[in-house]
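Engineer: Got my_file_2.txt for you, compact mmCIF, C-alpha atoms:
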# COMPACT_ATOMS: atom_id res chain seq x y z
CA MET A 1 57.39 76.07 6.29
CA LYS A 2 59.32 73.32 8.09
CA LYS A 3 56.15 72.30 9.84
CA SER A 4 54.18 72.01 6.63
CA ILE A 5 56.88 69.83 5.04
CA LEU A 6 56.77 67.65 8.12
CA VAL A 7 52.98 67.27 7.85
CA GLY A 8 53.29 66.62 4.12
CA VAL A 9 55.92 63.94 4.64
CA SER A 10 54.01 62.22 7.39
CA LEU A 11 50.85 62.19 5.27
CA LEU A 12 52.89 60.78 2.39
CA VAL A 13 54.20 58.03 4.66
CA ALA A 14 50.68 57.31 5.86
CA ALA A 15 49.46 57.12 2.27
CA LEU A 16 52.33 54.81 1.26
CA VAL A 17 51.63 52.54 4.19
CA SER A 18 47.95 52.29 3.34
CA THR A 19 48.20 51.97 -0.49
CA PRO A 20 49.62 48.41 -0.68
CA VAL A 21 46.56 47.14 1.21
CA VAL A 22 44.23 48.72 -1.31
CA VAL A 23 46.26 47.56 -4.30
CA MET A 24 46.47 43.98 -3.04
CA ALA A 25 42.73 43.91 -2.55
CA ALA A 26 42.26 44.80 -6.21
CA ASP A 27 43.77 41.50 -7.47
CA THR A 28 46.48 42.99 -9.73
CA ASP A 29 48.51 46.14 -9.26
CA ALA A 30 48.19 47.13 -12.94
CA VAL A 31 44.39 47.61 -12.97
CA SER A 32 43.40 51.27 -13.01
CA SER A 33 40.70 52.35 -10.58
CA ALA A 34 38.44 53.09 -13.59
CA ASN A 35 38.37 49.32 -14.15
CA SER A 36 37.74 48.25 -10.59
CA PHE A 37 35.99 44.90 -10.20
CA ASN A 38 32.62 46.32 -9.11
CA ARG A 39 31.79 49.64 -10.68
CA LEU A 40 28.12 49.85 -9.67
CA LEU A 41 27.30 47.10 -7.16
CA GLN A 42 25.98 48.54 -3.92
CA LYS A 43 27.08 46.27 -1.12
CA PRO A 44 24.19 45.49 1.22
CA ALA A 45 24.22 47.82 4.17
CA GLU A 46 24.90 46.42 7.58
CA LYS A 47 21.60 45.28 9.07
CA ASN A 48 19.47 47.29 11.49
CA LEU A 49 22.07 49.85 12.61
CA PRO A 50 21.32 51.97 15.70
CA PRO A 51 20.00 55.49 14.89
CA ALA A 52 23.25 57.32 15.65
CA GLU A 53 25.12 55.24 13.04
CA ASP A 54 22.48 54.98 10.32
CA GLY A 55 23.46 58.05 8.30
CA ILE A 56 20.15 59.96 8.53
CA HIS A 57 19.83 60.59 12.28
CA ASP A 58 22.01 63.40 13.62
CA ALA A 59 24.55 61.99 16.07
CA GLU A 60 24.88 65.52 17.56
CA ASN A 61 21.24 65.39 18.71
CA ASP A 62 20.94 64.06 22.30
CA ASN A 63 17.49 62.59 21.59
CA THR A 64 18.96 60.39 18.87
CA TYR A 65 20.35 58.22 21.66
CA VAL A 66 16.91 57.88 23.29
CA LEU A 67 15.44 56.37 20.10
CA GLN A 68 15.17 52.58 20.13
CA PRO A 69 17.82 50.67 18.12
CA PRO A 70 15.83 48.46 15.67
CA LYS A 71 17.90 45.36 16.46
CA ILE A 72 16.57 45.28 20.01
CA ALA A 73 12.96 45.56 18.85
CA PHE A 74 13.37 42.92 16.12
CA ASP A 75 15.03 40.34 18.36
CA SER A 76 11.76 38.59 19.23
CA LEU A 77 10.20 38.88 15.74
CA VAL A 78 10.33 36.43 12.82
CA ARG A 79 13.27 37.53 10.62
CA SER A 80 13.59 37.64 6.80
CA ASP A 81 16.36 38.42 4.29
CA PHE A 82 15.24 41.80 2.96
CA GLY A 83 13.69 45.16 3.87
CA ASN A 84 13.67 45.52 7.65
CA TYR A 85 14.88 41.90 7.82
CA VAL A 86 11.56 41.18 9.54
CA ASP A 87 8.84 38.88 8.17
CA TRP A 88 5.93 41.15 9.08
CA ILE A 89 3.24 38.72 7.88
CA LYS A 90 4.54 35.87 10.07
CA SER A 91 5.32 38.12 13.03
CA LEU A 92 1.67 39.22 13.02
CA ARG A 93 0.16 35.75 12.43
CA GLU A 94 2.31 34.21 15.17
CA GLN A 95 1.30 37.10 17.43
CA LYS A 96 4.86 38.28 18.08
CA ILE A 97 3.35 41.74 17.59
CA SER A 98 -0.18 42.96 18.09
CA PRO A 99 -0.61 46.28 16.27
CA ARG A 100 -3.74 48.25 17.15
CA ASN A 101 -6.55 48.48 14.63
CA GLU A 102 -7.74 51.77 16.14
CA ARG A 103 -5.72 54.72 17.40
CA MET A 104 -6.90 54.16 21.00
CA GLY A 105 -6.84 50.35 20.82
CA GLY A 106 -9.84 48.07 21.24
CA GLY A 107 -12.54 48.73 18.68
CA GLU A 108 -13.44 46.44 15.83
CA GLU A 109 -11.35 43.51 14.65
CA PRO A 110 -9.98 44.08 11.13
CA MET A 111 -12.18 42.70 8.33
CA ILE A 112 -10.01 40.02 6.78
CA MET A 113 -10.92 38.81 3.28
CA ASP A 114 -9.43 35.60 1.88
CA LEU A 115 -9.58 36.14 -1.90
CA ASP A 116 -6.66 35.43 -4.22
CA ILE A 117 -6.50 37.26 -7.55
CA VAL A 118 -4.34 35.68 -10.27
CA ARG A 119 -2.72 37.99 -12.81
CA GLU A 120 -1.30 36.37 -15.93
CA VAL A 121 2.19 37.63 -16.63
CA ARG A 122 3.75 38.23 -20.05
CA GLY A 123 6.92 36.25 -20.60
CA SER A 124 8.54 33.49 -18.58
CA MET A 125 7.98 34.76 -15.03
CA PRO A 126 5.47 32.78 -12.97
CA ASP A 127 2.01 34.39 -12.78
CA VAL A 128 1.27 36.81 -9.93
CA ILE A 129 -1.07 35.85 -7.11
CA PHE A 130 -2.38 38.85 -5.19
CA PRO A 131 -3.59 37.61 -1.79
CA HIS A 132 -6.27 39.79 -0.17
CA LYS A 133 -5.72 37.95 3.13
CA GLY A 134 -2.22 39.21 4.01
CA HIS A 135 -3.20 42.70 2.88
CA THR A 136 -6.46 43.02 4.81
CA GLU A 137 -4.62 41.92 7.96
CA TRP A 138 -2.84 45.31 7.77
CA LEU A 139 -4.89 47.54 5.50
CA GLN A 140 -8.47 48.56 4.92
CA CYS A 141 -10.31 48.18 1.57
CA SER A 142 -10.24 51.97 1.10
CA ASN A 143 -6.43 52.03 1.23
CA CYS A 144 -6.46 50.40 -2.23
CA HIS A 145 -10.02 50.67 -3.63
CA PRO A 146 -10.73 52.61 -5.76
CA ASP A 147 -7.69 54.96 -5.76
CA ILE A 148 -4.94 52.44 -6.53
CA PHE A 149 -6.99 49.52 -7.93
CA ILE A 150 -10.50 49.34 -9.43
CA PRO A 151 -12.05 46.39 -7.53
CA GLN A 152 -12.59 44.20 -10.56
CA GLN A 153 -10.30 41.43 -11.69
CA GLY A 154 -8.33 42.43 -14.78
CA ALA A 155 -9.61 46.02 -14.81
CA ASN A 156 -6.21 47.43 -13.85
CA ARG A 157 -3.15 47.78 -16.05
CA MET A 158 0.13 47.03 -14.38
CA ASN A 159 3.64 46.13 -15.41
CA MET A 160 6.99 45.72 -13.75
CA ALA A 161 8.45 49.04 -15.00
CA GLY A 162 5.62 50.94 -13.32
CA ILE A 163 5.87 48.90 -10.10
CA LEU A 164 9.60 49.66 -9.83
CA LEU A 165 8.81 53.35 -10.26
CA GLY A 166 6.26 53.25 -7.44
CA GLN A 167 2.94 52.65 -9.22
CA LYS A 168 0.25 50.03 -8.38
CA CYS A 169 1.85 47.36 -6.13
CA GLY A 170 4.87 49.70 -6.04
CA VAL A 171 2.95 52.29 -4.02
CA CYS A 172 3.81 50.14 -0.96
CA HIS A 173 6.24 47.46 -2.15
CA GLY A 174 9.72 48.91 -2.43
CA LYS A 175 8.92 51.53 0.21
CA VAL A 176 7.40 50.12 3.38
CA SER A 177 6.13 46.61 2.51
CA PHE A 178 8.78 44.14 1.33
CA PRO A 179 11.09 45.59 -1.37
CA VAL A 180 11.34 44.52 -5.03
CA VAL A 181 14.66 42.67 -5.21
CA THR A 182 15.84 39.33 -6.62
CA THR A 183 15.03 37.50 -3.40
CA THR A 184 11.39 38.74 -3.40
CA CYS A 185 10.37 38.20 -7.07
CA ARG A 186 8.83 34.82 -6.21
CA LEU A 187 6.75 36.17 -3.33
CA CYS A 188 4.54 37.91 -5.95
CA HIS A 189 5.33 35.68 -8.94
CA SER A 190 4.21 32.56 -7.10
CA GLN A 191 1.99 30.61 -9.52
CA ALA A 192 3.85 28.36 -11.97
CA LYS A 193 2.94 28.68 -15.66
CA PRO A 194 0.63 25.91 -17.01
CA GLU A 195 2.22 22.62 -18.10
CA GLY A 196 3.89 22.90 -21.53
CA TRP A 197 3.90 26.71 -21.56
CA ALA A 198 6.67 28.32 -23.61
CA PRO A 199 7.39 32.02 -24.16
CA SER A 200 6.12 33.34 -27.52
CA LYS A 201 8.82 34.28 -30.01
CA SER A 202 9.43 37.87 -31.09
CA SER A 203 8.37 38.43 -34.72
CA ALA A 204 11.92 39.65 -35.41
CA SER A 205 13.07 36.18 -34.40
CA VAL A 206 10.39 34.31 -36.42
CA ASP A 207 11.12 36.40 -39.54
CA ASN A 208 14.89 36.35 -39.11
CA PRO A 209 16.29 35.50 -42.61
CA TRP A 210 19.67 34.45 -41.18
CA GLN A 211 18.28 31.81 -38.84
CA MET B 212 57.96 80.24 -2.32
CA LYS B 213 57.42 77.82 -5.20
CA ILE B 214 58.43 74.86 -3.04
CA LYS B 215 56.10 75.97 -0.31
CA GLY B 216 53.22 76.09 -2.82
CA LEU B 217 54.12 72.66 -4.10
CA VAL B 218 54.22 71.15 -0.63
CA LYS B 219 50.92 72.79 0.14
CA SER B 220 49.18 71.43 -2.95
CA MET B 221 50.73 68.00 -2.36
CA ARG B 222 49.35 68.10 1.14
CA TYR B 223 45.83 68.89 -0.10
CA ALA B 224 46.06 66.23 -2.78
CA LEU B 225 47.03 63.67 -0.14
CA ILE B 226 44.26 64.72 2.22
CA GLY B 227 41.85 64.50 -0.71
CA GLY B 228 43.12 61.03 -1.55
CA VAL B 229 42.75 59.81 2.02
CA LEU B 230 39.21 61.28 2.21
CA ALA B 231 38.28 59.64 -1.10
CA LEU B 232 39.29 56.27 0.35
CA LEU B 233 37.11 56.83 3.41
CA LEU B 234 34.07 58.22 1.57
CA PRO B 235 32.39 54.98 0.36
CA PHE B 236 31.95 53.94 3.98
CA SER B 237 29.93 56.99 4.95
CA ALA B 238 26.81 56.15 2.84
CA SER B 239 23.62 56.00 4.85
CA HIS B 240 22.22 52.69 6.08
CA ALA B 241 19.03 53.82 7.75
CA GLU B 242 16.20 51.42 8.43
CA TYR B 243 14.02 50.42 5.45
CA GLY B 244 10.90 52.61 5.37
CA ASP B 245 12.22 55.47 7.51
CA VAL B 246 10.69 58.70 6.14
CA VAL B 247 12.61 62.00 6.22
CA ILE B 248 10.16 64.96 6.17
CA ASN B 249 11.82 68.26 5.36
CA ASN B 250 9.42 70.56 3.52
CA TYR B 251 9.86 73.33 6.08
CA ALA B 252 11.95 72.16 9.06
CA ASP B 253 15.42 73.13 7.78
CA ALA B 254 14.23 76.54 6.60
CA ALA B 255 12.85 77.21 10.09
CA GLY B 256 16.14 76.22 11.74
CA MET B 257 14.97 72.80 12.98
CA ARG B 258 16.52 69.44 12.09
CA PRO B 259 14.47 67.48 9.51
CA VAL B 260 11.90 65.01 10.94
CA VAL B 261 12.62 61.27 10.80
CA PHE B 262 9.51 59.07 10.98
CA PRO B 263 10.27 55.37 11.67
CA HIS B 264 7.67 53.09 9.99
CA TRP B 265 9.05 49.96 11.64
CA TYR B 266 8.52 51.35 15.12
CA HIS B 267 4.94 52.44 14.44
CA ARG B 268 3.83 49.31 12.51
CA ILE B 269 4.76 47.16 15.51
CA ARG B 270 2.11 49.18 17.41
CA PHE B 271 -0.46 50.16 14.76
CA ARG B 272 -1.88 48.69 11.56
CA CYS B 273 -1.29 50.79 8.45
CA LYS B 274 -5.00 51.62 8.27
CA VAL B 275 -4.90 53.63 11.51
CA CYS B 276 -2.68 56.30 9.92
CA HIS B 277 -3.38 55.83 6.22
CA ALA B 278 -7.19 55.51 6.44
CA ASP B 279 -8.43 56.82 9.82
CA LEU B 280 -5.94 59.71 10.20
CA GLY B 281 -5.72 60.49 6.49
CA PHE B 282 -1.94 60.33 5.86
CA ALA B 283 -1.55 60.11 2.05
CA PHE B 284 0.94 57.51 0.75
CA LYS B 285 3.55 60.11 -0.19
CA ALA B 286 6.66 61.22 1.67
CA GLY B 287 6.34 64.96 2.18
CA GLY B 288 2.89 64.87 0.59
CA ASN B 289 0.78 65.81 3.63
CA ASP B 290 1.87 69.40 4.21
CA ILE B 291 2.37 68.79 7.94
CA THR B 292 3.05 71.86 10.12
CA MET B 293 3.40 72.37 13.88
CA GLU B 294 0.15 74.31 13.99
CA LYS B 295 -1.77 71.34 12.56
CA ILE B 296 0.05 69.00 14.96
CA ILE B 297 -0.89 70.95 18.11
CA ASP B 298 -4.50 70.97 16.82
CA GLY B 299 -4.47 67.18 16.89
CA GLN B 300 -3.87 66.43 13.23
CA PHE B 301 -1.23 64.07 11.79
CA CYS B 302 1.46 63.20 14.39
CA GLY B 303 -0.59 65.25 16.87
CA ALA B 304 -3.43 62.69 16.84
CA CYS B 305 -1.18 60.50 19.04
CA HIS B 306 1.78 62.58 20.26
CA ASN B 307 -0.49 64.41 22.67
CA GLY B 308 0.56 62.99 26.05
CA GLU B 309 -2.28 60.49 25.87
CA VAL B 310 -1.51 57.88 23.20
CA ALA B 311 2.22 58.73 23.10
CA TRP B 312 4.67 61.30 24.55
CA SER B 313 3.79 64.83 23.62
CA ILE B 314 5.06 67.60 21.40
CA GLU B 315 7.54 69.29 23.75
CA ASN B 316 10.04 66.51 22.95
CA CYS B 317 11.14 68.36 19.82
CA GLY B 318 14.37 66.41 19.29
CA MET B 319 12.66 63.01 19.24
CA CYS B 320 11.00 63.84 15.89
CA HIS B 321 13.42 66.54 14.69
CA SER B 322 16.37 64.16 14.73
CA GLY B 323 17.63 64.14 11.12
CA ILE B 324 20.96 65.36 9.79
CA PRO B 325 20.45 68.96 8.59
CA ASN B 326 19.88 69.38 4.83
CA THR B 327 18.69 65.79 4.31
CA PRO B 328 15.99 66.02 1.60
CA THR B 329 12.47 64.58 2.00
CA GLN B 330 12.59 60.89 1.07
CA ILE B 331 11.53 57.38 1.97
CA HIS B 332 14.73 55.66 2.93
CA GLY B 333 16.05 52.48 1.33
CA SER B 334 13.31 52.40 -1.29
CA THR B 335 13.70 50.25 -4.38
CA VAL B 336 13.77 53.36 -6.61
CA GLN B 337 16.61 54.81 -4.53
CA ARG B 338 18.62 51.62 -4.87
CA LEU B 339 18.38 51.26 -8.67
CA VAL B 340 21.71 51.68 -10.45
CA ALA B 341 20.10 54.25 -12.79
CA PRO B 342 17.09 56.28 -11.69
CA SER B 343 14.48 54.71 -13.97
CA TYR B 344 13.67 52.77 -17.10
CA LYS B 345 10.57 52.66 -19.27
CA SER B 346 9.28 49.43 -20.75
CA MET B 347 8.95 49.34 -24.55
CA ASN B 348 5.15 49.28 -24.59
CA ALA B 349 3.68 49.99 -21.22
CA LYS B 350 0.44 47.99 -21.08
Transcribe the structure of this file into C-alpha cells.
Structural biologist:
Amino acid sequence: MKKSILVGVSLLVAALVSTPVVVMAADTDAVSSANSFNRLLQKPAEKNLPPAEDGIHDAENDNTYVLQPPKIAFDSLVRSDFGNYVDWIKSLREQKISPRNERMGGGEEPMIMDLDIVREVRGSMPDVIFPHKGHTEWLQCSNCHPDIFIPQQGANRMNMAGILLGQKCGVCHGKVSFPVVTTTCRLCHSQAKPEGWAPSKSSASVDNPWQ
Amino acid sequence: MKIKGLVKSMRYALIGGVLALLLPFSASHAEYGDVVINNYADAAGMRPVVFPHWYHRIRFRCKVCHADLGFAFKAGGNDITMEKIIDGQFCGACHNGEVAWSIENCGMCHSGIPNTPTQIHGSTVQRLVAPSYKSMNAK
C-alpha cells in the first residue's frame, strides 16, 4: 500500500515535470489536444536508419546486426530527396553501381531504347513524358508489355487516382521506383503546356447565373 | 480499500499517459521498398521475411528477378515456400552458396518483427492520409 502510493506519487511528479515542456511546445496552454497544430501531417522519417532501428527488423534477432545499414551503402551513390534518398538513374549512368543484367553476371548488355512517349494531361499539370531510356536501363520490354501497357501510344487509359492506388505507372512508382510525392510530380509531368494554353472551365462555372 | 483502488487506477492512468506521449516516436521508418513477406512464416513459428530492394538493385537489374526468375510485382503474391527455395526457385535461385550465401542462414531473411503483415514498406498508398480516393470519372 505505502509502496504503491510512493510509486504513484513519483509518477505524478515525473508527469508534472514533463507536462510543461509539452504544453509550451503547443504554443498556448489553452489549446486542447484535439486541436493540436498538426492533426494528420506525418513528419518525414529519419533517413536510412540501420535495420535494428527501422521498426520492421526484429532487434532481438542476432542476424539483424549483420545486415548492412543502408547509409553505409548509399554513401558513394548520387543522393536525392525522396524514396531511398538515392538517385538510381544517375547512380547507374555515372557507374557508381553496376547491377548485373543476368543472375550469374556477364551475358548480354541490356537493350536500351530511347523513345519518349508524350501523354497529354487533363487540367493545368504539365504533360507527362514517359522515357523508355531510363526504364530499359533497368527493365525488360516484357516487364511492361503487354501486361501493364499495350505497346501503342494512347492505347492505355491512365489517371492520377489509379496511379496513386498502384495501377499503371503506380505498379512501380510509389513502391520501389521513386515515390509519388510533391517533390516528384515534375519528374513525370515534365513537358510544359503549349503557349497560351488555359484550363477549360467547368460547365457549372460557365452556366453559373450568379457570376 | 477505496483509496488503494484509487491510487492504483491513478497509477495506470499515469502510465498510460506517459506511454501515449512516447508512442508517436515508435512508428516504423524502414527503408523505402523493403518488402515484408508473411503469408506463412509467423504461423510456422518463424519471424516474417524482410526483403531489401535497395540492397538487391545495387547488384541486379529489376529484370533479373522480375523477368528471368518470374517474381510477380506483388508483395506476398508469389506463394514462396521453403520447399520451392531449396529446389532453386525464387530466393533459392541465388541464395544457394554460389551466387549468394545459402539457406542455412535462416535469420538473415527471417528478420522481421513477429506479426508484421505482408506489405511493401513506405509505399505511397501507405503514406496517404486516408486509404484511397476515386476520381469523379475515371478515364
Engineer: Select all residues from chain A having any atom no more than 6 Å from an atom of chain B (counting all atoms listed in the file, ignoring ligands), output as JSON, numbers by chain.
Structural biologist: {"A": [8, 45, 54, 55, 56, 57, 58, 63, 83, 84, 97, 99, 100, 101, 102, 138, 139, 140, 161, 174, 175, 176]}
Engineer: Figure out the distance between atom CA of A:His145 and atom CA of A:Val180, please, to one decimal in Å.
Structural biologist: 22.3 Å
Engineer: When you draw a straight line from atom CA of A:Ile72 to atom CA of A:Pro50, how long is it in Å?
Structural biologist: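 Taking atom CA of A:Ile72 and atom CA of A:Pro50, their separation equals 9.3 Å.
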Engineer: One decimal, in Å: what's the spacing between atom CA of A:Phe82 and atom CA of A:Phe178?
Structural biologist: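 Interatomic distance, atom CA of A:Phe82 to atom CA of A:Phe178: 7.1 Å.
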Engineer: May I ask which of the residues B:Ile314, B:Ala254, B:Phe282, B:Ile248 is the closest one to B:Asp298, counting all atoms listed in the file?
Structural biologist: B:Ile314
